[in-house]
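Chemist: Before anything else, here's the structure in question.
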Amino acid sequence: MTFFKKSLVLLTVLCLQLMVMGKAHAADKTIGIIVFDGVLTSDITAPIEVFGAATEASWFSNYNVITINVSDKPHIKTHEGLTMLVDKRLSDLPKVDVLLVPSAYDMSPLLSNQQLIRYVQQTAKTAQWMASNCSGAHVLAEAGLLNGKRATTWAGGEAELKKNYPNVDVQFDTNFVMDGNVLTSNGGLVSYEAALALLSNLASPSKANEIREALQMPRLQRTR
């Protein structure tokens, strides 16, 4: 092989290595979404769609979105029947910069899961943001993260949250609430609004609006 060919091969290998390193370095922040059998679908698909779309843009390419299964199974099945493969298990204790806890109609298995509660508490010490959709707020409250903070939960469930966690300043009839670095919201389609609000803080309002328009959400505000 001639010196020129050897140099070309080495240069090609070096370029490929730099490309791989660049991609690995690009996603240096992680958004983790807790998942489990019976989770309400839109509570997880809404933030996955919002943040996933944002990671395709250069201004948010340093973020990666992962799902974290509470159990050790490689997949979960939502309440509505959607089966999903997961990225991580809770037993992996993944380090994340943003953690979002969704909901289920029966939250008791999550609230009694001490490994989950400890993980939420430990993550809160270093995470940039902690968030919940719908009755996922009960997990944050159980972990003590909502004490003395304004927070909300699913529309109609505010009184229950207030009763179970009297140290939480529960806000009624409010789509989402931000207090410090904690965001709580209603579930369902409001999960999109909450994810976009969080994206506004992680990036900027104008960038979040780019994603809002890409998802064609302004069309929902049109009058017929």
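All residue names refer to the structure tokens as shown: chains lettered A, B, ... in order, residues numbered from 1 in each chain, ligands numbered from 1 in order.
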Report as an mmCIF file with C-alpha atoms, in the first residue's frame: the residues of stretch 41-153 of chain A with a DSSP assignment of alpha helix (DSSP H), based on the backbone of this structure.
Modeler:
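For reference, out_6.cif as written:
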data_model
loop_
_atom_site.group_PDB
_atom_site.id
_atom_site.type_symbol
_atom_site.label_atom_id
_atom_site.label_comp_id
_atom_site.auth_asym_id
_atom_site.auth_seq_id
_atom_site.Cartn_x
_atom_site.Cartn_y
_atom_site.Cartn_z
ATOM 1 C CA THR A 41 -50.412 6.236 27.445
ATOM 2 C CA SER A 42 -50.555 9.984 26.824
ATOM 3 C CA ASP A 43 -48.668 10.698 30.047
ATOM 4 C CA ILE A 44 -45.570 9.184 28.462
ATOM 5 C CA THR A 45 -46.125 9.539 24.716
ATOM 6 C CA ALA A 46 -46.716 13.312 24.951
ATOM 7 C CA PRO A 47 -43.341 14.156 26.534
ATOM 8 C CA ILE A 48 -41.590 11.554 24.369
ATOM 9 C CA GLU A 49 -42.993 13.219 21.254
ATOM 10 C CA VAL A 50 -42.243 16.768 22.393
ATOM 11 C CA PHE A 51 -38.707 16.151 23.668
ATOM 12 C CA GLY A 52 -37.960 13.586 20.973
ATOM 13 C CA ALA A 53 -38.850 16.093 18.264
ATOM 14 C CA ALA A 54 -36.689 18.708 19.984
ATOM 15 C CA THR A 55 -33.636 16.417 20.044
ATOM 16 C CA SER A 108 -50.592 2.233 45.170
ATOM 17 C CA PRO A 109 -47.931 -0.136 43.718
ATOM 18 C CA LEU A 110 -45.737 2.850 42.891
ATOM 19 C CA LEU A 111 -46.259 4.609 46.203
ATOM 20 C CA GLN A 114 -39.414 2.018 48.158
ATOM 21 C CA GLN A 115 -36.785 1.554 45.458
ATOM 22 C CA LEU A 116 -38.692 3.988 43.233
ATOM 23 C CA ILE A 117 -39.200 6.507 46.036
ATOM 24 C CA ARG A 118 -35.502 6.391 46.949
ATOM 25 C CA TYR A 119 -34.539 6.772 43.291
ATOM 26 C CA VAL A 120 -36.761 9.842 42.962
ATOM 27 C CA GLN A 121 -35.264 11.337 46.134
ATOM 28 C CA GLN A 122 -31.682 10.695 45.041
ATOM 29 C CA THR A 123 -32.293 11.972 41.516
ATOM 30 C CA ALA A 124 -33.818 15.181 42.869
ATOM 31 C CA ALA A 137 -47.589 14.022 41.584
ATOM 32 C CA HIS A 138 -48.353 11.582 44.394
ATOM 33 C CA VAL A 139 -44.982 9.917 43.842
ATOM 34 C CA LEU A 140 -43.181 13.251 44.042
ATOM 35 C CA ALA A 141 -45.180 14.070 47.165
ATOM 36 C CA GLU A 142 -44.421 10.683 48.723
#
Chemist: Write out as a count of residues only the set of residues from stretch 120-162 of chain A that DSSP, computed on the backbone, places in strand (DSSP E).
Modeler: 7
Chemist: Please provide the set of residues having any atom within 12 Å of A:Glu160, restricted to only C-alpha atoms, with same-chain residues fewer than 4 positions apart removed, written as an mmCIF file with N, CA and C atoms, in the first residue's frame.
Modeler:
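After the write, result_33.cif holds the following:
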data_model
loop_
_atom_site.group_PDB
_atom_site.id
_atom_site.type_symbol
_atom_site.label_atom_id
_atom_site.label_comp_id
_atom_site.auth_asym_id
_atom_site.auth_seq_id
_atom_site.Cartn_x
_atom_site.Cartn_y
_atom_site.Cartn_z
ATOM 1 N N SER A 135 -51.588 11.874 38.257
ATOM 2 C CA SER A 135 -51.388 11.438 39.637
ATOM 3 C C SER A 135 -49.947 11.034 39.924
ATOM 4 N N ALA A 137 -47.920 13.069 40.522
ATOM 5 C CA ALA A 137 -47.589 14.022 41.584
ATOM 6 C C ALA A 137 -47.564 13.349 42.948
ATOM 7 N N HIS A 138 -48.338 12.293 43.116
ATOM 8 C CA HIS A 138 -48.353 11.582 44.394
ATOM 9 C C HIS A 138 -47.006 10.940 44.690
ATOM 10 N N THR A 152 -49.942 20.569 41.423
ATOM 11 C CA THR A 152 -51.269 20.118 41.022
ATOM 12 C C THR A 152 -51.190 18.659 40.598
ATOM 13 N N THR A 153 -52.326 18.108 40.244
ATOM 14 C CA THR A 153 -52.415 16.708 39.826
ATOM 15 C C THR A 153 -53.534 16.616 38.797
ATOM 16 N N TRP A 154 -54.135 15.457 38.637
ATOM 17 C CA TRP A 154 -55.193 15.338 37.637
ATOM 18 C C TRP A 154 -56.399 16.190 38.009
ATOM 19 N N ALA A 155 -57.045 16.743 36.998
ATOM 20 C CA ALA A 155 -58.196 17.615 37.225
ATOM 21 C C ALA A 155 -59.305 16.832 37.918
ATOM 22 N N GLY A 156 -59.629 17.232 39.134
ATOM 23 C CA GLY A 156 -60.616 16.532 39.942
ATOM 24 C C GLY A 156 -59.983 15.757 41.079
ATOM 25 N N ASN A 164 -54.023 13.721 51.320
ATOM 26 C CA ASN A 164 -52.950 12.757 51.571
ATOM 27 C C ASN A 164 -51.619 13.414 51.905
ATOM 28 N N TYR A 165 -51.411 14.633 51.398
ATOM 29 C CA TYR A 165 -50.137 15.328 51.606
ATOM 30 C C TYR A 165 -50.413 16.782 51.993
ATOM 31 N N PRO A 166 -50.774 17.003 53.245
ATOM 32 C CA PRO A 166 -51.191 18.344 53.693
ATOM 33 C C PRO A 166 -50.092 19.398 53.611
ATOM 34 N N VAL A 168 -48.364 20.005 51.046
ATOM 35 C CA VAL A 168 -48.289 20.471 49.663
ATOM 36 C C VAL A 168 -49.326 21.571 49.451
ATOM 37 N N VAL A 170 -51.574 22.662 47.265
ATOM 38 C CA VAL A 170 -52.245 22.138 46.071
ATOM 39 C C VAL A 170 -53.014 23.251 45.357
ATOM 40 N N GLN A 171 -52.796 23.331 44.054
ATOM 41 C CA GLN A 171 -53.481 24.309 43.214
ATOM 42 C C GLN A 171 -54.626 23.615 42.472
ATOM 43 N N PHE A 172 -55.801 24.192 42.568
ATOM 44 C CA PHE A 172 -56.977 23.601 41.946
ATOM 45 C C PHE A 172 -57.238 24.211 40.562
#
Chemist: Counting only C-alpha atoms, give me one row per residue of stretch 53-156 of chain A with an atom at most 12 Å from an atom of stretch 202-216 of chain A, showing the shortest contact pair and its distance in Å to one decimal, sorted by chain then residue number, as a Markdown table.
Modeler:
| residue | atom | partner | partner_atom | distance |
| --- | --- | --- | --- | --- |
| A:Ala53 | CA | A:Ile211 | CA | 6.9 |
| A:Ala54 | CA | A:Ile211 | CA | 6.5 |
| A:Thr55 | CA | A:Ile211 | CA | 10.3 |
| A:Glu56 | CA | A:Ile211 | CA | 10.3 |
| A:Ala57 | CA | A:Lys207 | CA | 9.4 |
| A:Ser58 | CA | A:Lys207 | CA | 10.8 |
| A:Trp59 | CA | A:Ala203 | CA | 7.6 |
| A:Phe60 | CA | A:Ala203 | CA | 7.3 |
| A:Ser61 | CA | A:Ala203 | CA | 11.0 |
| A:Asn62 | CA | A:Ala203 | CA | 11.0 |
| A:Tyr63 | CA | A:Leu202 | CA | 9.9 |
| A:Asp97 | CA | A:Leu202 | CA | 10.5 |
| A:Val98 | CA | A:Leu202 | CA | 9.7 |
| A:Gln128 | CA | A:Leu202 | CA | 9.0 |
| A:Trp129 | CA | A:Leu202 | CA | 9.0 |
Chemist: My list of candidates is A:Glu193, A:Ala131, A:Asn69, A:Pro218. Which is closest to A:Pro94 when distances are computed with only C-alpha atoms?
Modeler: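 Of all the options, A:Asn69 lies closest to A:Pro94.
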Chemist: Rank nothing, just name the residue among A:Ala195, A:Glu80, A:Thr184, A:Glu158 nearest to A:Ile31, using only C-alpha atoms.
Modeler: A:Ala195
Chemist: Quick one: of A:Ala197, A:Ile34, A:Leu189, A:Ala151, who's nearest to A:Asp173, counting only C-alpha atoms?
Modeler: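 Under the stated criterion, the closest residue is A:Ala151.
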Chemist: Quick one: distance from atom CA of A:Thr78 to atom CA of A:Gly38 in Å, one decimal?
Modeler: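 Rounded to one decimal, the two atoms are 4.6 Å apart.
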Chemist: Kindly indicate which residue among A:Leu40, A:Leu196, A:Asp87, A:Asp72 lies nearest to A:Met107, using only C-alpha atoms for the distances.
Modeler: A:Leu40
Chemist: Out of A:Arg219, A:Lys73, A:Lys88, A:His79, which residue has the shortest atom-to-atom distance to A:Tyr105 when counting only C-alpha atoms?
Modeler: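 Looking at the shortest contact to A:Tyr105, the residue is A:His79.
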Chemist: Env of A:Leu99: 6 Å cut, atoms = only C-alpha atoms, seq-sep filter 3 positions within chain, self excluded. Answer as a PyMOL selection string.
Modeler: chain A and resi 32-33+130
